[in-house]
$ cat data_26.cif   # mmCIF, C-alpha atoms
data_upload
#
loop_
_atom_site.label_atom_id
_atom_site.label_comp_id
_atom_site.auth_asym_id
_atom_site.auth_seq_id
_atom_site.Cartn_x
_atom_site.Cartn_y
_atom_site.Cartn_z
CA ARG E 1 142.90 60.52 95.61
CA LEU E 2 139.80 58.70 94.30
CA GLU E 3 140.43 55.85 91.95
CA THR E 4 138.60 55.79 88.65
CA GLY E 5 135.14 54.33 88.88
CA ALA E 6 131.72 55.23 90.26
CA MET E 7 131.55 58.35 92.43
CA PRO E 8 130.02 57.89 95.89
CA SER E 9 126.42 59.07 96.22
CA ALA E 10 125.51 62.05 98.38
CA LYS E 11 123.78 59.71 100.82
CA SER E 12 126.89 57.59 101.31
CA VAL E 13 128.97 60.51 102.59
CA LEU E 14 126.30 62.10 104.79
CA PRO E 15 125.80 61.24 108.46
CA ALA E 16 122.92 58.84 109.05
CA ARG E 17 119.61 60.48 109.84
CA ILE E 18 118.10 59.26 113.12
CA HIS E 19 114.92 59.86 115.09
CA TYR E 20 115.54 61.76 118.31
CA ASP E 21 113.09 60.86 121.06
CA GLY E 22 113.21 64.09 123.05
CA PRO E 23 110.83 65.35 125.77
CA TYR E 24 108.91 67.51 123.25
CA SER E 25 109.22 65.38 120.11
CA MET E 26 106.09 65.22 117.94
CA ASP E 27 104.78 61.66 117.64
CA LEU E 28 102.11 61.12 114.99
CA GLY E 29 102.17 57.41 115.77
CA SER E 30 100.34 58.08 119.03
CA PRO E 31 97.14 60.01 118.15
CA ALA E 32 96.00 60.30 121.77
CA GLN E 33 99.31 61.77 122.96
CA PHE E 34 99.48 64.08 119.93
CA SER E 35 95.93 65.32 120.56
CA MET E 36 96.59 65.95 124.24
CA CYS E 37 99.75 67.94 123.46
CA LEU E 38 97.91 69.97 120.83
CA LEU E 39 95.09 70.70 123.29
CA GLN E 40 97.61 71.74 125.95
CA TYR E 41 99.42 74.19 123.68
CA ALA E 42 96.21 75.52 122.10
CA MET E 43 94.86 76.24 125.60
CA LEU E 44 98.13 78.01 126.37
CA TRP E 45 96.82 80.70 123.98
CA GLU E 46 93.07 80.29 124.40
CA VAL E 47 92.99 80.91 128.16
CA PRO E 48 94.76 84.33 128.05
CA ARG E 49 92.74 85.18 124.94
CA PHE E 50 89.54 84.50 126.89
CA LEU E 51 90.78 86.54 129.88
CA SER E 52 91.80 89.48 127.70
CA GLY E 53 88.41 89.29 125.98
CA TRP E 54 86.71 89.49 129.38
CA PHE E 55 88.83 92.55 130.21
CA PHE E 56 87.99 94.36 126.95
CA ARG E 57 84.27 93.59 127.29
CA LYS E 58 84.23 94.77 130.89
CA ARG E 59 86.18 97.95 130.11
CA TRP E 60 84.68 98.97 126.76
CA GLY E 61 81.70 96.70 126.09
CA GLY E 62 78.26 98.10 125.39
CA LYS E 63 79.27 101.75 125.00
CA ASP E 64 79.29 102.62 121.32
CA GLY E 65 77.11 100.05 119.61
CA LYS E 66 78.30 97.86 116.76
CA ALA E 67 81.71 99.51 116.30
CA ASN E 68 82.59 98.94 119.93
CA GLU E 69 81.32 95.37 119.77
CA GLU E 70 83.68 94.70 116.88
CA PHE E 71 86.56 96.23 118.84
CA THR E 72 85.97 94.12 121.95
CA SER E 73 85.57 90.93 119.90
CA CYS E 74 88.70 91.45 117.76
CA ALA E 75 91.06 93.04 120.29
CA PRO E 76 91.96 89.78 122.14
CA SER E 77 93.18 88.21 118.89
CA TYR E 78 95.44 91.17 118.19
CA VAL E 79 96.83 91.05 121.73
CA MET E 80 97.60 87.32 121.42
CA SER E 81 99.15 87.91 118.01
CA PHE E 82 101.45 90.52 119.59
CA VAL E 83 102.50 88.22 122.44
CA HIS E 84 102.97 85.20 120.17
CA ALA E 85 105.16 87.16 117.76
CA ILE E 86 107.41 88.45 120.52
CA VAL E 87 107.76 84.99 122.10
CA VAL E 88 108.48 82.92 118.98
CA GLY E 89 110.46 85.70 117.26
CA SER E 90 112.78 85.99 120.26
CA LEU E 91 113.15 82.21 120.41
CA GLY E 92 113.93 82.25 116.68
CA ILE E 93 116.83 84.64 117.28
CA TRP E 94 118.07 82.43 120.13
CA VAL E 95 117.92 79.29 117.97
CA LEU E 96 119.61 81.06 115.05
CA SER E 97 122.52 82.13 117.24
CA GLY E 98 122.77 78.68 118.83
CA LEU E 99 122.90 76.83 115.51
CA TRP E 100 124.99 79.39 113.62
CA ASP E 101 128.32 77.58 114.15
CA CYS E 102 126.92 74.04 114.19
CA PRO E 103 128.11 71.49 111.61
CA LEU E 104 126.21 71.85 108.36
CA HIS E 105 124.15 68.68 108.57
CA ASP E 106 122.98 69.43 112.11
CA LYS E 107 121.21 72.44 110.64
CA PHE E 108 118.96 70.33 108.44
CA PHE E 109 118.29 67.00 110.20
CA ILE E 110 119.05 65.05 113.38
CA ASN E 111 121.85 62.58 112.71
CA ASP E 112 124.11 60.08 114.46
CA ALA E 113 126.84 62.71 114.78
CA THR E 114 124.67 65.44 116.35
CA PRO E 115 126.37 66.43 119.65
CA PRO E 116 124.49 66.62 122.99
CA GLN E 117 124.74 70.43 123.16
CA THR E 118 122.94 70.68 119.81
CA LEU E 119 120.25 68.26 121.02
CA LYS E 120 119.55 70.68 123.88
CA ILE E 121 118.81 73.33 121.27
CA VAL E 122 116.63 70.79 119.46
CA ASP E 123 114.60 70.38 122.67
CA VAL E 124 113.91 74.13 122.65
CA ILE E 125 113.07 74.00 118.94
CA GLU E 126 110.59 71.16 119.40
CA ARG E 127 108.86 72.85 122.31
CA THR E 128 108.75 76.13 120.36
CA ASN E 129 107.22 74.23 117.46
CA TRP E 130 104.42 73.05 119.76
CA VAL E 131 103.90 76.63 120.98
CA PHE E 132 103.74 77.83 117.36
CA PHE E 133 101.49 74.95 116.28
CA GLY E 134 99.10 75.47 119.19
CA TYR E 135 98.82 79.18 118.44
CA MET E 136 98.17 78.60 114.73
CA ILE E 137 95.38 76.11 115.44
CA ASP E 138 93.78 78.35 118.07
CA ASP E 139 94.07 81.50 115.96
CA LEU E 140 92.79 79.78 112.81
CA ALA E 141 89.68 78.73 114.72
CA HIS E 142 89.02 82.37 115.65
CA VAL E 143 89.80 83.64 112.13
CA LEU E 144 87.22 81.22 110.70
CA ALA E 145 84.66 81.87 113.45
CA MET E 146 84.86 85.65 112.93
CA TYR E 147 85.55 85.65 109.19
CA PRO E 148 86.41 88.09 107.64
CA LYS E 149 87.00 90.43 110.62
CA LEU E 150 90.39 88.96 111.58
CA GLY E 151 91.61 88.14 108.09
CA LYS E 152 90.54 86.97 104.67
CA MET E 153 91.48 83.92 102.60
CA ASP E 154 95.16 84.89 102.42
CA MET E 155 95.28 84.68 106.21
CA VAL E 156 93.47 81.33 106.24
CA ALA E 157 95.91 79.99 103.62
CA HIS E 158 98.86 81.34 105.61
CA HIS E 159 97.73 79.51 108.77
CA LEU E 160 96.90 76.25 106.98
CA VAL E 161 100.20 75.90 105.13
CA PHE E 162 102.29 76.66 108.21
CA ILE E 163 100.24 74.21 110.28
CA VAL E 164 101.13 71.52 107.73
CA CYS E 165 104.75 72.71 107.75
CA SER E 166 104.86 72.55 111.55
CA ILE E 167 103.52 68.98 111.61
CA LEU E 168 105.73 67.62 108.82
CA ALA E 169 108.96 69.29 109.90
CA GLY E 170 108.26 68.55 113.57
CA TYR E 171 107.50 64.87 113.04
CA ALA E 172 110.35 64.28 110.56
CA GLN E 173 112.73 66.47 112.63
CA ILE E 174 114.05 68.26 109.56
CA PHE E 175 114.87 71.84 108.53
CA VAL E 176 116.07 72.68 112.04
CA PHE E 177 117.98 75.84 111.09
CA PRO E 178 115.32 77.17 108.66
CA PHE E 179 112.83 77.03 111.56
CA SER E 180 114.78 79.86 113.21
CA TRP E 181 114.56 82.34 110.34
CA LEU E 182 110.92 81.43 109.72
CA LEU E 183 110.16 82.40 113.33
CA ILE E 184 112.19 85.61 113.07
CA GLY E 185 109.76 86.68 110.35
CA GLU E 186 107.08 86.95 113.04
CA LEU E 187 108.87 89.98 114.52
CA SER E 188 107.09 92.24 112.04
CA THR E 189 103.70 91.27 113.50
CA PRO E 190 103.68 93.37 116.74
CA LEU E 191 103.59 96.55 114.67
CA LEU E 192 100.39 95.31 113.03
CA THR E 193 98.79 95.16 116.45
CA VAL E 194 99.95 98.71 117.18
CA LYS E 195 98.53 99.84 113.81
CA TRP E 196 95.19 98.20 114.51
CA PHE E 197 94.80 99.73 117.97
CA LEU E 198 95.77 103.15 116.62
CA ARG E 199 93.15 102.81 113.90
CA GLN E 200 90.55 101.82 116.45
CA SER E 201 91.48 104.76 118.70
CA GLY E 202 90.98 107.11 115.75
CA LEU E 203 87.38 105.96 115.38
CA GLY E 204 86.51 106.81 119.01
CA GLN E 205 85.99 110.02 120.93
CA SER E 206 89.02 109.89 123.25
CA LYS E 207 91.48 112.79 123.05
CA ARG E 208 94.43 110.58 123.97
CA PRO E 209 95.63 110.15 120.35
CA ILE E 210 95.98 113.94 120.14
CA GLU E 211 98.12 113.91 123.30
CA TRP E 212 100.24 111.07 121.88
CA ALA E 213 100.70 112.93 118.59
CA ARG E 214 101.75 116.12 120.37
CA LYS E 215 104.30 114.24 122.52
CA LEU E 216 105.70 112.54 119.41
CA GLY E 217 106.30 115.90 117.73
CA PHE E 218 103.38 116.02 115.30
CA GLU E 219 101.78 119.37 114.58
CA GLY E 220 99.26 121.12 112.36
CA LYS E 221 96.50 118.98 110.85
CA ALA E 222 97.57 115.96 112.90
CA LEU E 223 96.37 117.71 116.06
CA GLU E 224 92.97 118.85 114.72
CA SER E 225 91.00 115.74 115.69
CA THR E 226 91.27 112.30 117.25
CA TYR E 227 91.05 110.67 113.82
CA GLU E 228 93.76 112.85 112.27
CA ALA E 229 96.10 112.29 115.23
CA ALA E 230 95.64 108.52 115.21
CA SER E 231 96.05 108.43 111.42
CA ALA E 232 99.28 110.44 111.52
CA ILE E 233 100.80 108.15 114.16
CA GLU E 234 99.56 105.06 112.35
CA TYR E 235 101.20 106.22 109.14
CA LYS E 236 104.54 106.61 110.95
CA VAL E 237 104.14 103.14 112.47
CA SER E 238 103.35 101.85 108.97
CA GLU E 239 106.65 103.21 107.69
CA ILE E 240 108.50 101.40 110.47
CA PHE E 241 106.48 98.25 109.78
CA VAL E 242 107.41 98.22 106.10
CA ALA E 243 111.10 98.57 107.02
CA VAL E 244 110.92 95.75 109.60
CA PHE E 245 108.94 93.56 107.20
CA PHE E 246 111.59 94.11 104.53
CA VAL E 247 114.39 93.11 106.93
CA VAL E 248 112.80 90.00 108.47
CA ARG E 249 110.44 88.73 105.76
CA VAL E 250 112.29 89.73 102.61
CA CYS E 251 116.01 89.93 103.47
CA ALA E 252 116.32 87.36 106.30
CA TYR E 253 113.76 85.01 104.74
CA GLY E 254 115.39 85.38 101.33
CA ALA E 255 118.90 84.76 102.68
CA GLY E 256 117.70 81.69 104.59
CA LEU E 257 115.88 80.34 101.56
CA THR E 258 118.97 80.88 99.38
CA HIS E 259 121.10 78.99 101.93
CA LEU E 260 118.55 76.15 102.03
CA MET E 261 118.27 75.88 98.23
CA ARG E 262 122.04 75.93 97.80
CA HIS E 263 122.55 72.94 100.08
CA LEU E 264 119.53 71.15 98.65
CA ILE E 265 121.07 71.40 95.18
CA MET E 266 124.45 70.27 96.55
CA GLY E 267 122.81 67.10 97.89
CA ASP E 268 123.28 67.88 101.58
CA LEU E 269 119.65 66.94 102.29
CA ALA E 270 119.77 63.61 100.45
CA ASN E 271 119.16 61.64 103.65
CA VAL E 272 115.90 63.48 104.30
CA PRO E 273 112.90 61.52 102.94
CA PRO E 274 111.70 63.11 99.69
CA TRP E 275 108.01 63.64 100.58
CA PRO E 276 108.51 65.77 103.73
CA ARG E 277 111.58 67.42 102.19
CA TYR E 278 109.81 68.69 99.10
CA THR E 279 106.46 69.32 100.78
CA VAL E 280 108.00 71.56 103.44
CA LEU E 281 110.22 73.20 100.83
CA GLY E 282 107.16 73.91 98.69
CA ILE E 283 105.44 75.53 101.67
CA ILE E 284 108.51 77.67 102.41
CA LEU E 285 108.59 78.76 98.74
CA ALA E 286 104.86 79.57 98.94
CA GLY E 287 105.58 81.60 102.08
CA ALA E 288 108.21 83.54 100.17
CA ALA E 289 105.70 84.24 97.39
CA LEU E 290 103.11 85.38 99.95
CA ASN E 291 105.64 87.68 101.60
CA GLY E 292 106.44 89.10 98.17
CA HIS E 293 102.74 89.61 97.46
CA TRP E 294 102.21 91.46 100.73
CA PHE E 295 105.35 93.56 100.27
CA ARG E 296 104.25 94.54 96.75
CA ILE E 297 100.92 95.74 98.18
CA MET E 298 102.73 97.78 100.83
CA ILE E 299 105.07 99.44 98.36
CA THR E 300 102.21 100.09 95.93
CA LYS E 301 100.24 101.89 98.63
CA ALA E 302 103.33 103.64 100.00
CA LEU E 303 103.93 105.14 96.56
CA GLY E 304 100.28 106.13 96.25
CA LEU E 305 99.66 103.72 93.37
CA GLY E 306 96.84 101.74 94.98
CA GLY E 307 93.53 102.81 96.42
CA GLY E 308 92.19 101.42 99.67
CA LYS E 309 88.52 100.78 100.37
CA LYS E 310 86.82 103.68 102.06
CA ARG E 311 84.17 104.02 104.67
CA LYS E 312 81.73 106.88 105.02
CA GLY E 313 83.62 110.08 105.60
CA GLY E 314 86.67 108.81 103.72
CA LYS E 315 88.01 106.64 106.54
CA ALA E 316 89.77 103.42 105.67
CA GLU E 317 87.95 100.25 106.64
CA ALA E 318 89.06 99.32 110.14
CA ASN E 319 88.14 95.66 109.90
CA SER E 320 89.27 94.73 106.41
CA GLY E 321 91.47 91.69 106.93
CA GLU E 322 93.94 92.61 104.21
CA ASP E 323 94.10 96.33 105.01
CA ALA E 324 94.32 95.90 108.77
CA MET E 325 96.89 93.13 108.65
CA TYR E 326 99.37 93.45 105.83
CA THR E 327 99.08 96.71 103.92
CA PHE E 328 100.53 100.14 104.23
CA SER E 329 98.14 102.57 105.92
CA ALA E 330 96.16 104.64 103.45
CA ALA E 331 95.87 107.47 105.96
CA ARG E 332 98.86 109.56 104.88
CA PRO E 333 99.10 112.80 106.92
CA GLU E 334 98.96 116.01 104.94
CA ASN E 335 101.30 119.03 104.88
CA ASN E 336 102.95 119.58 108.25
CA GLY E 337 101.07 116.88 110.11
CA LYS E 338 104.19 114.83 110.66
CA ALA E 339 107.07 114.42 113.05
CA ASP E 340 110.26 116.30 112.30
#
$ encode --input "data_26.cif" --output "structure tokens"
Amino acid sequence: RLETGAMPSAKSVLPARIHYDGPYSMDLGSPAQFSMCLLQYAMLWEVPRFLSGWFFRKRWGGKDGKANEEFTSCAPSYVMSFVHAIVVGSLGIWVLSGLWDCPLHDKFFINDATPPQTLKIVDVIERTNWVFFGYMIDDLAHVLAMYPKLGKMDMVAHHLVFIVCSILAGYAQIFVFPFSWLLIGELSTPLLTVKWFLRQSGLGQSKRPIEWARKLGFEGKALESTYEAASAIEYKVSEIFVAVFFVVRVCAYGAGLTHLMRHLIMGDLANVPPWPRYTVLGIILAGAALNGHWFRIMITKALGLGGGKKRKGGKAEANSGEDAMYTFSAARPENNGKAD
């Protein structure tokens, strides 16, 4: 029983925060080492991006003029986005399961009571953070170089804030558990790549989309042309995308944010320095707002309440950053052009 008098502060009952010098720890105090690590992990994505670009140019370059040039220049970024999302999303699930039963404070910062088995998970987290950071830097460079083909200002803002988040959280070694559910949110991204390639296939002359639509059980109008077939499949993929986005970027993200805010209010993060604590928290809150903004656009279009930009012939713009990346497809199939 506590005697009457001053209550102990939150800091006094928390384990002491320490700096863990692991094999993949981010050290801002050594600019040369930091720059070399960043270059290494950026090249991890740039080299396969270059090779895939060579493949697309060799296979499809110079055939259909400007439209085909845009396809061959943008396709490598979508392929890398797909691979990155699968890699970091899967690692996010692994980290989430590994930290699920850890002591509470181990989920938010490295401390003097963190056991060796948790530090092994931290090693994976810190290396994954470098992989994520390297991809964001490399992809942001391509988004800016090809602006607005790969994304508009919302995509630039998304990359910038999570680059800052990666640096601050990585250097301060904080928000260990939230890193897992932030990465899991990337699992909605592969469907965007599928959507984009379907949209591109609908603008070409190949009959393969019609074959795909027939095998998937589509009929009627969906089989009348390459464009209609690709649009019908894309719409079905869009429905799946909205569902996955809702699970990983609304439900999982929201549950993780609620858990984080609850323990922040309870004082369980009192040993984390205020400036990285509140800066990273602000970025996570901004990410939640951005997810909400994107989800509102999807639902608005899904309900037919928003109009997309049109190209000649009524086709949706294939290279609009917002439409191609985070909105529900405007190409809803008509009548019986759908799978049973």
$ closest_residue --input "data_26.cif" --among "E:Leu119, E:Val156, E:Val79, E:Leu290" --to "Pro23 in chain E" --atoms "all atoms listed in the file"
E:Leu119
$ resolve_selection --input "data_26.cif" --expression "the PyMOL selection byres ((chain E and resi 178-194) around 7)" --output "list of chain:residue names"
E:Tyr78, E:Val79, E:Phe82, E:Ala85, E:Ile86, E:Val88, E:Gly89, E:Gly92, E:Ile93, E:Val95, E:Leu96, E:Phe175, E:Val176, E:Phe177, E:Lys195, E:Trp196, E:Phe197, E:Leu198, E:Val237, E:Phe241, E:Val244, E:Phe245, E:Val248, E:Arg249, E:Ala252, E:Tyr253, E:Gly256, E:Met325
$ closest_residue --input "data_26.cif" --among "E:Gln200, E:Tyr20, E:Pro273, E:Ile174" --to "Thr72 in chain E" --atoms "only C-alpha atoms"
E:Gln200
$ residues_near_point --input "data_26.cif" --point "(112.3, 68.2, 113.1)" --cutoff "10 Å" --atoms "all atoms listed in the file" --output "number ranges by chain"
E: 19-20, 25-26, 108-110, 122, 125-126, 129, 166-177, 179
$ resolve_selection --input "data_26.cif" --expression "the PyMOL selection byres ((chain E and resi 134) around 9)" --output "ChimeraX atom specification"
/E:37-45,129-133,135-139
$ resolve_selection --input "data_26.cif" --expression "the PyMOL selection byres ((chain E and resi 52) around 10)" --output "PyMOL selection string"
chain E and resi 46-51+53-58+72+75-77+79-80
$ closest_residue --input "data_26.cif" --among "E:His158, E:Lys107, E:Arg199, E:Arg296" --to "Ser231 in chain E" --atoms "all atoms listed in the file"
E:Arg199
$ build_atoms --input "data_26.cif" --residues "range 18-29 of chain E" --atoms "all heavy atoms" --output "mmCIF file, in the coordinates of the input"
data_model
loop_
_atom_site.group_PDB
_atom_site.id
_atom_site.type_symbol
_atom_site.label_atom_id
_atom_site.label_comp_id
_atom_site.auth_asym_id
_atom_site.auth_seq_id
_atom_site.Cartn_x
_atom_site.Cartn_y
_atom_site.Cartn_z
ATOM 1 N N ILE E 18 118.705 60.054 112.063
ATOM 2 C CA ILE E 18 118.100 59.260 113.120
ATOM 3 C C ILE E 18 116.876 59.983 113.669
ATOM 4 O O ILE E 18 116.693 61.184 113.436
ATOM 5 C CB ILE E 18 119.093 58.982 114.273
ATOM 6 C CG1 ILE E 18 119.506 60.301 114.961
ATOM 7 C CG2 ILE E 18 120.313 58.211 113.772
ATOM 8 C CD1 ILE E 18 120.304 60.115 116.237
ATOM 9 N N HIS E 19 116.053 59.236 114.405
ATOM 10 C CA HIS E 19 114.920 59.860 115.090
ATOM 11 C C HIS E 19 115.325 60.119 116.530
ATOM 12 O O HIS E 19 115.748 59.208 117.247
ATOM 13 C CB HIS E 19 113.683 58.962 115.055
ATOM 14 C CG HIS E 19 112.520 59.562 115.806
ATOM 15 N ND1 HIS E 19 111.763 60.583 115.282
ATOM 16 C CD2 HIS E 19 112.013 59.293 117.039
ATOM 17 C CE1 HIS E 19 110.820 60.923 116.158
ATOM 18 N NE2 HIS E 19 110.951 60.150 117.232
ATOM 19 N N TYR E 20 115.196 61.363 116.954
ATOM 20 C CA TYR E 20 115.540 61.760 118.310
ATOM 21 C C TYR E 20 114.275 61.763 119.151
ATOM 22 O O TYR E 20 113.321 62.494 118.864
ATOM 23 C CB TYR E 20 116.184 63.142 118.298
ATOM 24 C CG TYR E 20 116.365 63.764 119.662
ATOM 25 C CD1 TYR E 20 117.180 63.168 120.621
ATOM 26 C CD2 TYR E 20 115.715 64.953 119.993
ATOM 27 C CE1 TYR E 20 117.344 63.745 121.875
ATOM 28 C CE2 TYR E 20 115.880 65.546 121.236
ATOM 29 C CZ TYR E 20 116.692 64.936 122.179
ATOM 30 O OH TYR E 20 116.859 65.502 123.422
ATOM 31 N N ASP E 21 114.261 60.956 120.190
ATOM 32 C CA ASP E 21 113.090 60.860 121.060
ATOM 33 C C ASP E 21 113.275 61.794 122.251
ATOM 34 O O ASP E 21 113.625 61.374 123.351
ATOM 35 C CB ASP E 21 112.904 59.417 121.525
ATOM 36 C CG ASP E 21 111.587 59.216 122.277
ATOM 37 O OD1 ASP E 21 110.700 60.089 122.139
ATOM 38 O OD2 ASP E 21 111.458 58.205 122.985
ATOM 39 N N GLY E 22 113.035 63.084 122.020
ATOM 40 C CA GLY E 22 113.210 64.090 123.050
ATOM 41 C C GLY E 22 111.945 64.305 123.859
ATOM 42 O O GLY E 22 110.878 63.757 123.538
ATOM 43 N N PRO E 23 112.011 65.128 124.905
ATOM 44 C CA PRO E 23 110.830 65.350 125.770
ATOM 45 C C PRO E 23 109.684 66.073 125.064
ATOM 46 O O PRO E 23 108.543 65.999 125.529
ATOM 47 C CB PRO E 23 111.394 66.197 126.917
ATOM 48 C CG PRO E 23 112.625 66.836 126.367
ATOM 49 C CD PRO E 23 113.192 65.847 125.404
ATOM 50 N N TYR E 24 109.958 66.769 123.957
ATOM 51 C CA TYR E 24 108.910 67.510 123.250
ATOM 52 C C TYR E 24 108.775 67.069 121.798
ATOM 53 O O TYR E 24 108.192 67.792 120.982
ATOM 54 C CB TYR E 24 109.204 69.014 123.307
ATOM 55 C CG TYR E 24 109.432 69.507 124.712
ATOM 56 C CD1 TYR E 24 110.710 69.854 125.156
ATOM 57 C CD2 TYR E 24 108.379 69.600 125.619
ATOM 58 C CE1 TYR E 24 110.926 70.299 126.452
ATOM 59 C CE2 TYR E 24 108.581 70.040 126.922
ATOM 60 C CZ TYR E 24 109.860 70.385 127.336
ATOM 61 O OH TYR E 24 110.063 70.814 128.627
ATOM 62 N N SER E 25 109.295 65.878 121.484
ATOM 63 C CA SER E 25 109.220 65.380 120.110
ATOM 64 C C SER E 25 107.768 65.118 119.718
ATOM 65 O O SER E 25 106.958 64.667 120.542
ATOM 66 C CB SER E 25 110.043 64.103 119.956
ATOM 67 O OG SER E 25 111.415 64.365 120.180
ATOM 68 N N MET E 26 107.440 65.389 118.458
ATOM 69 C CA MET E 26 106.090 65.220 117.940
ATOM 70 C C MET E 26 105.934 63.785 117.437
ATOM 71 O O MET E 26 106.687 63.347 116.570
ATOM 72 C CB MET E 26 105.839 66.229 116.816
ATOM 73 C CG MET E 26 104.396 66.320 116.354
ATOM 74 S SD MET E 26 104.172 67.666 115.145
ATOM 75 C CE MET E 26 104.147 69.102 116.216
ATOM 76 N N ASP E 27 104.966 63.067 117.988
ATOM 77 C CA ASP E 27 104.780 61.660 117.640
ATOM 78 C C ASP E 27 103.402 61.454 117.017
ATOM 79 O O ASP E 27 102.393 61.388 117.718
ATOM 80 C CB ASP E 27 104.934 60.793 118.893
ATOM 81 C CG ASP E 27 104.853 59.300 118.582
ATOM 82 O OD1 ASP E 27 104.834 58.937 117.390
ATOM 83 O OD2 ASP E 27 104.811 58.502 119.546
ATOM 84 N N LEU E 28 103.376 61.339 115.687
ATOM 85 C CA LEU E 28 102.110 61.120 114.990
ATOM 86 C C LEU E 28 101.651 59.680 115.125
ATOM 87 O O LEU E 28 100.504 59.358 114.799
ATOM 88 C CB LEU E 28 102.266 61.475 113.509
ATOM 89 C CG LEU E 28 102.555 62.951 113.192
ATOM 90 C CD1 LEU E 28 102.648 63.150 111.689
ATOM 91 C CD2 LEU E 28 101.499 63.857 113.777
ATOM 92 N N GLY E 29 102.540 58.814 115.589
ATOM 93 C CA GLY E 29 102.170 57.410 115.770
ATOM 94 C C GLY E 29 101.315 57.165 116.987
ATOM 95 O O GLY E 29 100.789 56.070 117.171
#
